[in-house]
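**Q** What follows is upload07.cif; its format and atoms are mmCIF, C-alpha atoms.
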data_start
#
loop_
_atom_site.label_atom_id
_atom_site.label_comp_id
_atom_site.auth_asym_id
_atom_site.auth_seq_id
_atom_site.Cartn_x
_atom_site.Cartn_y
_atom_site.Cartn_z
CA MET A 24 0.00 0.00 0.00
CA THR A 25 1.87 2.98 -1.21
CA GLU A 26 -0.89 5.55 -1.18
CA GLN A 27 -1.26 7.70 1.89
CA LEU A 28 -3.74 6.39 4.38
CA PHE A 29 -3.69 9.30 6.78
CA THR A 30 -4.73 12.61 5.34
CA LEU A 31 -2.37 15.16 6.82
CA SER A 32 -4.92 17.63 8.11
CA GLN A 33 -3.71 20.34 10.45
CA ARG A 34 -5.08 18.55 13.43
CA PHE A 35 -3.40 15.34 12.42
CA SER A 36 -0.03 16.98 11.88
CA GLU A 37 -0.29 18.78 15.22
CA ALA A 38 -1.04 15.48 16.92
CA VAL A 39 1.96 13.81 15.30
CA GLU A 40 4.18 16.60 16.55
CA ILE A 41 2.86 16.07 20.06
CA ILE A 42 3.32 12.32 19.75
CA ASN A 43 6.90 12.86 18.73
CA THR A 44 7.61 14.57 22.06
CA VAL A 45 6.32 11.68 24.16
CA ASP A 46 8.70 9.19 25.73
CA PRO A 47 8.25 5.90 23.78
CA LYS A 48 7.88 3.78 26.88
CA LYS A 49 5.05 5.94 28.18
CA LEU A 50 3.58 6.01 24.70
CA VAL A 51 3.37 2.22 24.59
CA ARG A 52 1.32 2.16 27.78
CA ILE A 53 -1.02 4.89 26.56
CA LEU A 54 -1.50 3.11 23.25
CA GLN A 55 -2.32 -0.14 25.00
CA ARG A 56 -5.07 1.55 26.96
CA ILE A 57 -6.42 3.18 23.82
CA ILE A 58 -6.54 -0.05 21.86
CA HIS A 59 -8.26 -1.82 24.78
CA LYS A 60 -10.94 0.81 24.80
CA LEU A 61 -11.51 0.23 21.08
CA TYR A 62 -11.71 -3.47 21.75
CA HIS A 63 -14.18 -3.28 24.64
CA GLN A 64 -16.16 -0.22 23.65
CA LYS A 65 -17.05 0.50 27.25
CA GLY A 66 -16.17 3.43 29.46
CA ASP A 67 -13.40 6.01 29.12
CA THR A 68 -9.83 5.28 28.29
CA PHE A 69 -8.63 7.36 31.22
CA SER A 70 -10.60 8.76 34.13
CA ALA A 71 -10.62 12.53 34.61
CA GLU A 72 -8.02 12.24 37.38
CA GLU A 73 -5.78 10.04 35.32
CA GLN A 74 -6.00 12.47 32.42
CA GLU A 75 -4.92 15.34 34.64
CA ARG A 76 -1.94 13.45 35.99
CA LEU A 77 -0.97 12.18 32.58
CA ALA A 78 -1.03 15.68 31.12
CA GLU A 79 1.25 16.80 33.92
CA VAL A 80 3.69 13.94 33.49
CA LEU A 81 3.94 14.46 29.75
CA GLY A 82 4.22 18.21 30.11
CA LEU A 83 1.17 18.83 27.94
CA HIS A 84 -1.97 20.93 28.21
CA GLU A 85 -5.16 18.96 28.64
CA GLU A 86 -6.31 19.87 25.12
CA GLN A 87 -3.05 18.62 23.68
CA LEU A 88 -3.50 15.35 25.52
CA ALA A 89 -7.05 15.06 24.19
CA THR A 90 -5.81 15.60 20.62
CA LEU A 91 -3.09 13.04 21.12
CA MET A 92 -5.49 10.42 22.36
CA GLU A 93 -8.02 11.12 19.65
CA ILE A 94 -5.50 10.79 16.86
CA CYS A 95 -3.89 7.67 18.31
CA SER A 96 -7.34 6.10 18.45
CA PHE A 97 -7.98 7.21 14.89
CA ILE A 98 -4.75 5.64 13.71
CA PHE A 99 -5.74 2.30 15.15
CA GLU A 100 -9.26 2.54 13.79
CA GLN A 101 -7.97 3.20 10.30
CA ALA A 102 -5.37 0.49 10.60
CA SER A 103 -8.05 -2.07 11.50
CA TYR A 104 -10.47 -0.76 8.89
CA VAL A 105 -8.06 -1.70 6.09
CA GLN A 106 -6.27 -4.37 8.10
CA LEU A 107 -2.76 -2.99 7.83
CA SER A 108 0.20 -5.29 8.29
CA LEU A 109 3.07 -4.20 10.53
CA GLN A 110 5.21 -3.14 7.59
CA GLN A 111 2.36 -1.15 6.08
CA LEU A 112 1.66 0.62 9.37
CA LYS A 113 5.35 1.48 9.70
CA GLU A 114 5.41 3.02 6.26
CA GLN A 115 2.22 4.97 6.80
CA LEU A 116 3.39 6.43 10.08
CA GLU A 117 6.72 7.39 8.52
CA LYS A 118 4.88 9.16 5.76
CA ALA A 119 2.82 10.95 8.35
CA GLY A 120 5.96 12.34 9.90
CA MET A 121 6.26 10.18 12.96
CA GLN A 122 9.71 9.75 14.42
CA LYS A 123 11.39 6.36 14.59
CA ASP A 124 11.07 5.67 18.35
CA GLN A 125 7.42 6.62 18.50
CA ASN A 126 6.78 4.63 15.34
CA ILE A 127 8.27 1.57 17.02
CA ALA A 128 5.96 2.13 19.99
CA PHE A 129 2.94 1.98 17.69
CA LEU A 130 4.27 -1.13 15.99
CA LYS A 131 4.82 -2.87 19.31
CA VAL A 132 1.23 -2.38 20.36
CA TRP A 133 -0.16 -3.19 16.92
CA ASP A 134 1.85 -6.38 16.87
CA THR A 135 0.41 -7.71 20.13
CA GLU A 136 -3.11 -6.32 20.07
CA GLY A 137 -3.84 -5.60 16.45
CA SER A 138 -5.19 -8.99 15.41
CA HIS A 139 -7.47 -9.15 18.47
CA LEU A 140 -8.92 -5.79 17.60
CA ILE A 141 -9.54 -6.83 14.02
CA GLU A 142 -11.30 -10.02 15.10
CA ALA A 143 -13.43 -8.16 17.63
CA LEU A 144 -14.47 -5.57 15.09
CA LYS A 145 -15.40 -8.29 12.63
CA GLU A 146 -17.70 -9.80 15.22
CA LYS A 147 -19.36 -6.52 15.99
CA SER A 148 -22.89 -6.35 14.68
CA VAL A 149 -25.62 -3.74 14.65
CA VAL A 150 -28.17 -6.28 15.88
CA PRO A 151 -28.51 -6.02 19.65
CA ASP A 152 -28.31 -9.65 20.76
CA ALA A 153 -26.10 -12.54 19.82
CA LEU A 154 -26.56 -16.15 20.86
CA ASP A 155 -23.91 -16.94 23.40
CA SER A 156 -24.70 -20.26 25.11
CA VAL A 157 -27.06 -23.21 24.84
CA LYS A 158 -28.21 -25.01 27.98
CA TRP A 159 -30.98 -27.55 28.33
CA ARG A 160 -32.82 -29.96 30.60
CA LEU A 161 -34.91 -32.98 29.68
CA HIS A 162 -37.94 -33.73 31.85
CA LEU A 163 -40.48 -36.52 31.92
CA GLN A 164 -43.86 -35.12 32.89
CA THR A 165 -45.75 -37.69 34.91
CA GLY A 166 -48.90 -35.81 35.87
CA THR A 167 -50.79 -32.58 36.20
CA ALA A 168 -53.63 -31.40 38.41
CA SER A 169 -56.14 -32.59 35.86
CA LEU A 170 -54.41 -35.62 34.38
CA ALA A 171 -52.46 -38.44 36.00
CA ARG A 172 -50.33 -41.22 34.51
CA LEU A 173 -48.55 -39.15 31.90
CA ARG A 174 -45.21 -39.93 30.40
CA THR A 175 -44.50 -36.88 28.32
CA PRO A 176 -40.91 -35.90 27.58
CA THR A 177 -40.38 -32.17 27.80
CA ALA A 178 -37.17 -30.32 26.99
CA ILE A 179 -36.42 -26.89 28.43
CA PHE A 180 -33.82 -24.79 26.65
CA GLU A 181 -32.05 -21.70 27.90
CA LEU A 182 -30.50 -19.72 25.06
CA GLY A 183 -28.04 -17.31 26.60
CA MET A 184 -27.85 -13.93 24.89
CA LYS A 185 -25.00 -11.48 24.76
CA ASN A 186 -25.13 -7.87 23.68
CA SER A 187 -22.89 -7.88 20.63
CA ALA A 188 -21.64 -4.33 21.19
CA THR A 189 -20.77 -4.36 24.89
CA GLY A 190 -20.37 -8.08 25.46
CA GLU A 191 -22.69 -7.95 28.46
CA LEU A 192 -25.19 -10.70 28.99
CA SER A 193 -28.77 -9.82 28.21
CA GLU A 194 -31.92 -11.73 29.07
CA PRO A 195 -31.83 -15.34 27.93
CA ILE A 196 -34.60 -17.00 25.97
CA ILE A 197 -36.21 -19.78 27.98
CA ALA A 198 -38.48 -22.07 26.01
CA GLU A 199 -40.10 -25.45 26.38
CA PHE A 200 -40.36 -28.11 23.69
CA SER A 201 -42.41 -31.27 23.33
CA HIS A 202 -41.11 -34.10 21.18
CA GLU A 203 -42.92 -32.77 18.15
CA GLU A 204 -41.77 -29.20 18.69
CA LEU A 205 -38.19 -30.42 18.98
CA SER A 206 -38.46 -32.25 15.68
CA ILE A 207 -39.80 -29.14 14.00
CA LEU A 208 -36.94 -27.06 15.42
CA TYR A 209 -34.40 -29.62 14.32
CA ASP A 210 -35.73 -29.64 10.76
CA LYS A 211 -35.54 -25.84 10.64
CA LEU A 212 -31.98 -25.83 11.94
CA GLU A 213 -30.96 -28.39 9.31
CA LEU A 214 -32.45 -26.17 6.63
CA ILE A 215 -30.53 -23.15 7.92
CA GLN A 216 -27.32 -25.17 7.95
CA GLU A 217 -27.83 -26.14 4.33
CA GLN A 218 -28.17 -22.49 3.42
CA VAL A 219 -25.07 -21.53 5.40
CA ASP A 220 -23.11 -24.29 3.71
CA MET A 221 -24.03 -22.80 0.37
CA LEU A 222 -22.40 -19.53 1.39
CA SER A 223 -18.99 -21.14 1.74
CA LYS B 18 -98.41 -62.89 57.08
CA LYS B 19 -98.81 -59.12 57.00
CA ARG B 20 -96.58 -58.87 60.04
CA LYS B 21 -93.98 -61.12 58.38
CA ARG B 22 -94.00 -58.95 55.28
CA LYS B 23 -93.65 -55.84 57.39
CA GLU B 24 -90.73 -57.46 59.21
CA LYS B 25 -89.10 -58.30 55.93
CA GLU B 26 -89.57 -54.72 54.72
CA ARG B 27 -88.14 -53.31 57.92
CA LYS B 28 -85.13 -55.61 57.80
CA ARG B 29 -84.48 -54.81 54.14
CA LYS B 30 -84.57 -51.11 54.82
CA LEU B 31 -82.24 -51.59 57.75
CA ARG B 32 -79.85 -53.59 55.62
CA GLU B 33 -79.91 -50.95 52.98
CA THR B 34 -79.04 -48.15 55.32
CA MET B 35 -76.45 -50.36 57.00
CA THR B 36 -74.75 -51.34 53.78
CA PHE B 37 -74.22 -47.74 53.09
CA ASN B 38 -71.63 -46.67 55.60
CA ALA B 39 -69.51 -44.10 53.87
CA GLN B 40 -66.43 -44.87 55.94
CA LEU B 41 -66.37 -48.45 54.78
CA LEU B 42 -66.37 -47.47 51.14
CA ASP B 43 -63.28 -48.51 49.24
CA ILE B 44 -63.24 -46.77 45.90
CA PRO B 45 -59.56 -46.23 45.01
CA PHE B 46 -60.05 -43.73 42.22
CA LEU B 47 -61.97 -41.46 44.57
CA GLY B 48 -59.16 -41.31 47.09
CA ALA B 49 -58.57 -42.66 50.59
CA VAL B 50 -61.88 -41.32 51.83
CA VAL B 51 -64.79 -40.77 49.46
CA PRO B 52 -65.54 -37.05 49.51
CA ARG B 53 -68.67 -35.92 51.31
CA GLU B 54 -69.78 -34.09 48.18
CA ILE B 55 -70.29 -37.50 46.61
CA THR B 56 -71.78 -39.39 49.54
CA ARG B 57 -74.34 -36.65 50.08
CA SER B 58 -76.12 -37.65 46.89
CA VAL B 59 -76.54 -41.29 47.83
CA PRO B 60 -79.59 -41.11 50.12
CA PHE B 61 -81.93 -39.64 47.51
CA LEU B 62 -80.65 -41.44 44.42
CA LYS B 63 -83.58 -43.84 44.53
CA SER B 64 -86.04 -41.04 44.06
CA VAL B 65 -84.29 -39.58 41.03
CA ASN B 66 -86.04 -40.01 37.74
CA GLN B 67 -83.85 -41.51 34.99
CA ASP B 68 -84.58 -38.74 32.48
CA ASP B 69 -83.62 -36.11 35.03
CA PHE B 70 -80.48 -38.08 35.79
CA GLN B 71 -79.54 -38.10 32.13
CA VAL B 72 -79.87 -34.32 32.00
CA ILE B 73 -77.51 -34.02 34.95
CA VAL B 74 -75.01 -36.42 33.37
CA ASP B 75 -75.09 -34.56 30.06
CA PHE B 76 -74.47 -31.25 31.79
CA SER B 77 -71.60 -32.74 33.79
CA VAL B 78 -69.90 -33.86 30.61
CA HIS B 79 -70.52 -30.44 29.09
CA TYR B 80 -68.90 -28.81 32.12
CA LEU B 81 -65.96 -31.20 32.02
CA HIS B 82 -65.09 -30.04 28.53
CA GLY B 83 -64.47 -26.63 30.06
CA ASP B 84 -64.88 -24.67 26.84
CA LEU B 85 -67.14 -21.92 28.19
CA SER B 86 -66.72 -19.24 30.82
CA ASP B 87 -68.16 -19.50 34.32
CA GLU B 88 -70.96 -17.04 33.53
CA GLU B 89 -71.98 -18.99 30.46
CA TYR B 90 -72.08 -22.20 32.48
CA GLU B 91 -74.26 -20.47 35.09
CA GLU B 92 -76.71 -19.42 32.42
CA GLN B 93 -76.81 -22.86 30.89
CA TRP B 94 -77.27 -24.46 34.29
CA GLN B 95 -80.38 -22.37 34.73
CA ALA B 96 -81.71 -23.07 31.25
CA LYS B 97 -80.77 -26.69 30.71
CA VAL B 98 -81.03 -28.16 34.18
CA LEU B 99 -83.05 -26.25 36.72
CA ASN B 100 -85.86 -25.57 34.30
CA CYS B 101 -85.98 -29.16 33.11
CA VAL B 102 -85.60 -31.46 36.06
CA GLY B 103 -88.07 -31.97 38.83
CA LEU B 104 -85.49 -32.21 41.60
CA GLY B 105 -85.42 -28.78 43.07
CA ASN B 106 -82.45 -26.47 43.37
CA GLU B 107 -80.57 -28.14 46.20
CA ARG B 108 -80.86 -31.75 45.11
CA SER B 109 -79.91 -30.85 41.53
CA SER B 110 -76.76 -29.14 42.76
CA VAL B 111 -75.82 -31.98 45.08
CA LEU B 112 -76.37 -34.61 42.42
CA PHE B 113 -74.51 -32.62 39.78
CA THR B 114 -71.52 -32.10 42.10
CA SER B 115 -71.44 -35.79 42.88
CA VAL B 116 -71.63 -36.93 39.26
CA PHE B 117 -69.11 -34.32 38.13
CA LEU B 118 -66.54 -35.25 40.77
CA ILE B 119 -66.90 -38.94 40.03
CA LEU B 120 -66.39 -38.42 36.30
CA ARG B 121 -63.51 -36.03 36.80
CA ALA B 122 -61.65 -38.41 39.08
CA ALA B 123 -62.27 -41.29 36.68
CA LEU B 124 -61.00 -39.28 33.71
CA ARG B 125 -57.95 -38.00 35.57
CA GLN B 126 -56.79 -41.50 36.47
CA LYS B 127 -57.89 -43.04 33.19
CA ILE B 128 -59.54 -45.93 35.01
CA LEU B 129 -61.14 -48.88 33.27
CA PRO B 130 -64.92 -48.84 32.87
CA VAL B 131 -65.30 -51.89 35.10
CA GLU B 132 -63.56 -50.07 37.96
CA LEU B 133 -65.93 -47.14 37.51
CA ASP B 134 -68.88 -49.53 37.51
CA ASN B 135 -67.80 -51.14 40.79
CA GLY B 136 -67.41 -47.75 42.39
CA LEU B 137 -70.85 -46.72 41.23
CA LYS B 138 -72.34 -49.92 42.59
CA SER B 139 -70.88 -49.20 46.04
CA LEU B 140 -72.43 -45.78 45.83
CA LEU B 141 -75.84 -47.32 45.24
CA PHE B 142 -76.46 -45.94 41.75
CA THR B 143 -79.21 -47.87 39.97
CA GLN B 144 -78.36 -50.02 36.98
CA ALA B 145 -79.85 -47.54 34.54
CA MET B 146 -77.84 -44.75 36.12
CA ARG B 147 -74.65 -46.79 35.97
CA GLU B 148 -75.20 -47.54 32.31
CA ALA B 149 -75.80 -43.86 31.58
CA LEU B 150 -72.63 -42.85 33.42
CA LEU B 151 -70.47 -45.54 31.84
CA ASP B 152 -71.72 -44.58 28.44
CA ALA B 153 -70.93 -40.93 29.08
CA TYR B 154 -67.47 -41.86 30.40
CA LYS B 155 -66.55 -43.98 27.41
CA THR B 156 -67.76 -41.42 24.90
CA CYS B 157 -66.17 -38.31 26.32
CA ALA B 158 -62.94 -39.78 27.74
CA LYS B 159 -60.61 -39.29 24.78
CA GLU B 160 -61.68 -35.76 23.95
CA VAL B 161 -61.73 -34.47 27.52
CA GLN B 162 -58.36 -36.02 28.32
CA GLU B 163 -56.84 -34.46 25.22
CA LYS B 164 -58.23 -31.08 26.19
CA MET B 165 -56.82 -31.38 29.69
CA PHE B 166 -53.46 -32.34 28.24
CA SER B 167 -53.37 -29.40 25.89
CA ARG B 168 -54.22 -27.02 28.74
CA ARG B 169 -51.35 -28.09 30.99
CA ILE B 170 -48.93 -25.51 32.37
CA ARG B 171 -46.07 -24.80 30.03
CA LEU B 172 -43.16 -22.44 29.79
CA PRO B 173 -43.24 -20.29 26.66
CA THR B 174 -42.90 -22.28 23.48
CA ILE B 175 -41.69 -21.15 20.10
CA GLU B 176 -44.69 -20.40 17.95
CA ASP B 177 -42.86 -19.15 14.95
CA MET B 178 -39.26 -18.92 13.86
CA SER B 179 -38.02 -17.05 10.81
CA TRP B 180 -34.46 -16.45 9.75
CA ARG B 181 -32.00 -15.02 7.28
CA THR B 182 -28.53 -16.20 6.38
CA GLU B 183 -26.20 -13.43 5.40
CA VAL B 184 -22.64 -12.37 4.83
CA THR B 185 -21.44 -9.09 6.22
CA ILE B 186 -19.33 -7.63 3.46
CA THR B 187 -18.28 -4.39 5.06
CA SER B 188 -19.02 -2.39 8.16
CA SER B 189 -18.32 1.05 9.56
CA SER B 190 -15.40 -0.41 11.49
CA MET B 191 -13.90 -2.60 8.82
CA LYS B 192 -13.60 -2.39 5.06
CA ARG B 193 -13.55 -6.09 4.34
CA VAL B 194 -15.39 -8.31 6.77
CA MET B 195 -16.78 -11.26 4.76
CA LYS B 196 -18.29 -12.88 7.78
CA PRO B 197 -21.31 -15.18 7.47
CA SER B 198 -23.99 -14.99 10.11
CA ILE B 199 -27.53 -16.10 10.76
CA PHE B 200 -30.22 -13.70 11.85
CA ILE B 201 -33.10 -15.34 13.69
CA GLU B 202 -36.43 -14.02 14.88
CA MET B 203 -38.39 -16.13 17.36
CA LYS B 204 -41.98 -15.47 18.32
CA LEU B 205 -42.78 -17.05 21.68
CA SER B 206 -46.19 -18.19 22.87
CA ASN B 207 -46.20 -15.51 25.57
CA GLY B 208 -46.04 -12.74 23.00
CA ASP B 209 -42.30 -12.03 23.20
CA VAL B 210 -40.50 -11.48 19.94
CA ARG B 211 -36.72 -12.00 20.20
CA GLN B 212 -34.25 -11.23 17.46
CA PHE B 213 -30.64 -12.24 17.54
CA VAL B 214 -27.65 -13.18 15.42
CA VAL B 215 -25.75 -16.41 15.58
CA ASP B 216 -22.30 -17.01 14.19
CA PRO B 217 -21.74 -20.34 12.41
CA GLU B 218 -19.78 -21.84 15.29
CA THR B 219 -22.40 -21.18 17.94
CA PHE B 220 -25.03 -22.36 15.50
CA HIS B 221 -23.28 -25.72 15.31
CA LYS B 222 -23.45 -25.86 19.08
CA LEU B 223 -27.18 -25.21 18.96
CA ARG B 224 -27.77 -27.84 16.31
CA TYR B 225 -25.65 -30.35 18.16
CA ASN B 226 -27.50 -29.85 21.43
CA VAL B 227 -30.92 -30.07 19.80
CA SER B 228 -29.99 -33.35 18.15
CA LEU B 229 -28.64 -34.64 21.49
CA VAL B 230 -31.93 -33.93 23.20
CA LEU B 231 -33.91 -35.41 20.35
CA ARG B 232 -31.88 -38.58 20.56
CA ASP B 233 -32.51 -38.81 24.30
CA VAL B 234 -36.21 -38.24 23.79
CA ASN B 235 -36.36 -41.00 21.21
CA ASN B 236 -34.58 -43.36 23.58
CA LEU B 237 -36.93 -42.43 26.39
CA GLU B 238 -39.92 -43.24 24.29
CA LYS B 239 -38.58 -46.55 23.08
CA ALA B 240 -37.39 -47.88 26.44
CA PRO B 241 -39.63 -46.49 29.16
CA ILE B 242 -37.87 -45.51 32.34
CA LEU B 243 -41.08 -45.30 34.33
CA LYS B 244 -43.93 -47.71 33.87
CA ILE B 245 -46.60 -45.32 34.89
CA ASP B 246 -49.05 -44.78 32.09
CA LYS B 247 -50.73 -48.16 31.82
#
As structure tokens, what does this structure read like?
**A**
Amino acid sequence: MTEQLFTLSQRFSEAVEIINTVDPKKLVRILQRIIHKLYHQKGDTFSAEEQERLAEVLGLHEEQLATLMEICSFIFEQASYVQLSLQQLKEQLEKAGMQKDQNIAFLKVWDTEGSHLIEALKEKSVVPDALDSVKWRLHLQTGTASLARLRTPTAIFELGMKNSATGELSEPIIAEFSHEELSILYDKLELIQEQVDMLS
Amino acid sequence: KKRKRKEKERKRKLRETMTFNAQLLDIPFLGAVVPREITRSVPFLKSVNQDDFQVIVDFSVHYLHGDLSDEEYEEQWQAKVLNCVGLGNERSSVLFTSVFLILRAALRQKILPVELDNGLKSLLFTQAMREALLDAYKTCAKEVQEKMFSRRIRLPTIEDMSWRTEVTITSSSMKRVMKPSIFIEMKLSNGDVRQFVVDPETFHKLRYNVSLVLRDVNNLEKAPILKIDK
């Protein structure tokens, strides 16, 4: 990929200048936090307190820190959007004017966390719930208030649901099936599988 | 001779009242002790006209089906029974309760007609009455039992399931995704509509578990664990 990925807007160039002043070791830790936030989608990268202290330590104004964090996040987002390899990321950052040490910091983090981020983003869906787990119990109903001497098999399924954006568990689906209902479900699932097989 | 006949009458009546001692009754399908609601009807059974009895039996079967609301049954009780039989309010109610409870217990336990007949004999129902009740029992058994079965308590079941298989080509986070997924919508019997996605791997898990359960169910039905339904 030889074309420029990062448009060198003023804001971007300013951010790169700021990045270039940051100690690489500290930069690695900041980048790790940023990429984790992208991965988990929840909460803030740094709390307000942490941001204050960080700005102090790096010798930056709070706005400068905000710009830095925003652009670092943007870099990772773009990198995952087109699935950059390490070499490609290196080249792109060089083109953007990043110095060698800071570039290496980015590469370090991208090397360890990059593929996880890409996988997570692939899984992300705009539909709220995703099926997470399948649990079941098989019962033999032997009687009710109005009818004795039964021998009816009953299966109870709990389909665990996970919110595909945050990863939190949402309310599971709990449903009961008689023998016949199970057969119907099974036939439908087989049909779906056939259609999925056709996709690959 | 007259005195002898009177003696005979008196002894017969005594025997009759003595043979009916509710505590000595042993009718298994009615429980350890026959409910008072049933034994209350015994004393006046003799004076019940067979046509009236048939009306009561027919209404009991009607009530056992349980298709109407309570108010509708009240109305029909008035129209079909009280206005037709010559028993009076209280005796009609007592007799109906007795017949209804007997039939309900018999249907619940799916007893054989001969067992019902023996029970009815102990309760001093006349032959005509027994025949009417047995006939009603045999005719309505299958339908009423099926209705009771279909009305049993259940957790929500899946009434309808529709789905879509799709491949996500691109998203706002990633230019090239190419990930297949299955989008399912389930309508449950309690009105809930749940939509969710499944990735192919988890879908395999779902399929696998469903086939596991189905296999167990088939085994259960072939080789009964509990011999309870005969």
**Q** Since I can't run it myself right now, could you work out what the PyMOL selection byres ((chain A) within 6 of (chain B)) selects here and report it as a PDB file with C-alpha atoms, in the frame of the given file?
**A**
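Output file expr.pdb follows:
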ATOM      1  CA  TYR A 104     -10.470  -0.760   8.890  1.00  0.00           C
ATOM      2  CA  VAL A 105      -8.060  -1.700   6.090  1.00  0.00           C
ATOM      3  CA  LYS A 145     -15.400  -8.290  12.630  1.00  0.00           C
ATOM      4  CA  ASP A 152     -28.310  -9.650  20.760  1.00  0.00           C
ATOM      5  CA  ALA A 153     -26.100 -12.540  19.820  1.00  0.00           C
ATOM      6  CA  LEU A 154     -26.560 -16.150  20.860  1.00  0.00           C
ATOM      7  CA  SER A 169     -56.140 -32.590  35.860  1.00  0.00           C
ATOM      8  CA  LEU A 170     -54.410 -35.620  34.380  1.00  0.00           C
ATOM      9  CA  ALA A 171     -52.460 -38.440  36.000  1.00  0.00           C
ATOM     10  CA  ARG A 172     -50.330 -41.220  34.510  1.00  0.00           C
ATOM     11  CA  LEU A 173     -48.550 -39.150  31.900  1.00  0.00           C
ATOM     12  CA  ALA A 198     -38.480 -22.070  26.010  1.00  0.00           C
ATOM     13  CA  GLU A 199     -40.100 -25.450  26.380  1.00  0.00           C
TER      14      GLU A 199
END
**Q** I'd like the contact shell of Ser110 of chain B - 10 Å cut-off, all atoms listed in the file, skipping same-chain residues fewer than 5 positions apart - returned as a VMD selection string.
**A** chain B and resid 58 73 94 98 to 99 104 to 105 115 to 116
**Q** How many Å separate atom CA of Ala78 of chain A from atom CA of Leu140 of chain A?
**A**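 Going from atom CA of Ala78 of chain A over to atom CA of Leu140 of chain A, I get 26.6 Å.
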**Q** Do a neighbour search on Ile41 of chain A at 10 Å with only C-alpha atoms, toss out local chain neighbours closer than 2 positions, and write the hits as a ChimeraX atom specification.
**A** /A:35-39,43-45,81,83,87-88,90-91,121
**Q** Quick one: residues within 9 Å of segment 122-124 of chain A, only C-alpha atoms, excluding same-chain residues fewer than 3 positions away - as a ChimeraX atom specification?
**A** /A:39,42-43,46-47,116-117,127-129
**Q** Which value, in Å to one decimal, gives the distance between atom CA of Pro130 of chain B and atom CA of Pro45 of chain B?
**A**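 Interatomic distance, atom CA of Pro130 of chain B to atom CA of Pro45 of chain B: 13.5 Å.
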**Q** Interatomic distance between atom CA of Asn135 of chain B and atom CA of Gly103 of chain B?
**A**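 Straight-line distance from atom CA of Asn135 of chain B to atom CA of Gly103 of chain B works out to 28.0 Å.
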**Q** Considering all atoms listed in the file, state which residue in the set A:Pro151, A:Gln218, A:Lys131, A:His84 is at the smallest distance from Leu192 of chain A.
**A** A:Pro151
**Q** Which residues, protein or nucleic acid, reach to within 8 Å of (-72.9, -47.8, 47.2) in the file's coordinates when using only C-alpha atoms, and can you give that as a PyMOL selection string?
**A** chain B and resi 36-37+42+59+136-142
**Q** How about saving the chosen residues, C-alpha atoms kept, as a compact mmCIF listing (two decimals), keeping the file's coordinate frame?
**A**
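See part-v7.txt below for the written result:
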# COMPACT_ATOMS: atom_id res chain seq x y z
CA THR B 36 -74.75 -51.34 53.78
CA PHE B 37 -74.22 -47.74 53.09
CA LEU B 42 -66.37 -47.47 51.14
CA VAL B 59 -76.54 -41.29 47.83
CA GLY B 136 -67.41 -47.75 42.39
CA LEU B 137 -70.85 -46.72 41.23
CA LYS B 138 -72.34 -49.92 42.59
CA SER B 139 -70.88 -49.20 46.04
CA LEU B 140 -72.43 -45.78 45.83
CA LEU B 141 -75.84 -47.32 45.24
CA PHE B 142 -76.46 -45.94 41.75
**Q** Quick one: which residues end up in the PyMOL selection byres ((chain A and resi 194) around 9) for this structure, as a VMD selection string?
**A** chain A and resid 183 to 185 192 to 193 195 to 196
**Q** Fewer than 3 positions away in the same chain doesn't count, so skip those; otherwise give me all residues within 8 Å of Ile57 of chain A, counting only C-alpha atoms, as number ranges by chain.
**A** A: 53-54, 60-61, 68, 92, 95-96
**Q** Write the residues of the selection above to a file with C-alpha atoms, as an mmCIF file, keeping the file's coordinate frame.
**A**
data_model
loop_
_atom_site.group_PDB
_atom_site.id
_atom_site.type_symbol
_atom_site.label_atom_id
_atom_site.label_comp_id
_atom_site.auth_asym_id
_atom_site.auth_seq_id
_atom_site.Cartn_x
_atom_site.Cartn_y
_atom_site.Cartn_z
ATOM 1 C CA ILE A 53 -1.020 4.890 26.560
ATOM 2 C CA LEU A 54 -1.500 3.110 23.250
ATOM 3 C CA LYS A 60 -10.940 0.810 24.800
ATOM 4 C CA LEU A 61 -11.510 0.230 21.080
ATOM 5 C CA THR A 68 -9.830 5.280 28.290
ATOM 6 C CA MET A 92 -5.490 10.420 22.360
ATOM 7 C CA CYS A 95 -3.890 7.670 18.310
ATOM 8 C CA SER A 96 -7.340 6.100 18.450
#
**Q** Which residues match the PyMOL selection byres ((chain A and resi 201) around 8) in the file above, as a list in words?
**A**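 Answer for the PyMOL selection byres ((chain A and resi 201) around 8): Thr175, Pro176, Thr177, Ala178, Glu199, Phe200, His202, Glu203, Glu204 and Leu205 of chain A.
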**Q** Would you export the selected residues with C-alpha atoms as a compact mmCIF listing (two decimals), keeping the file's coordinate frame, please?
**A**
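Written out: out.txt:
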# COMPACT_ATOMS: atom_id res chain seq x y z
CA THR A 175 -44.50 -36.88 28.32
CA PRO A 176 -40.91 -35.90 27.58
CA THR A 177 -40.38 -32.17 27.80
CA ALA A 178 -37.17 -30.32 26.99
CA GLU A 199 -40.10 -25.45 26.38
CA PHE A 200 -40.36 -28.11 23.69
CA HIS A 202 -41.11 -34.10 21.18
CA GLU A 203 -42.92 -32.77 18.15
CA GLU A 204 -41.77 -29.20 18.69
CA LEU A 205 -38.19 -30.42 18.98
**Q** Starting from 3 Å padding per side, set up an axis-aligned box that covers all listed atoms of segment 72-83 of chain A and hand over centre and edge lengths in Å, one decimal, as lines of an AutoDock Vina configuration file.
**A**
center_x = -1.9
center_y = 14.4
center_z = 32.7
size_x = 18.2
size_y = 14.8
size_z = 15.4
**Q** Excluding Pro60 of chain B and any residue of its chain fewer than 3 positions from it, enumerate the residues within 9 Å of it, using only C-alpha atoms, and give them as a PyMOL selection string.
**A** chain B and resi 34+56-57+63-64+141
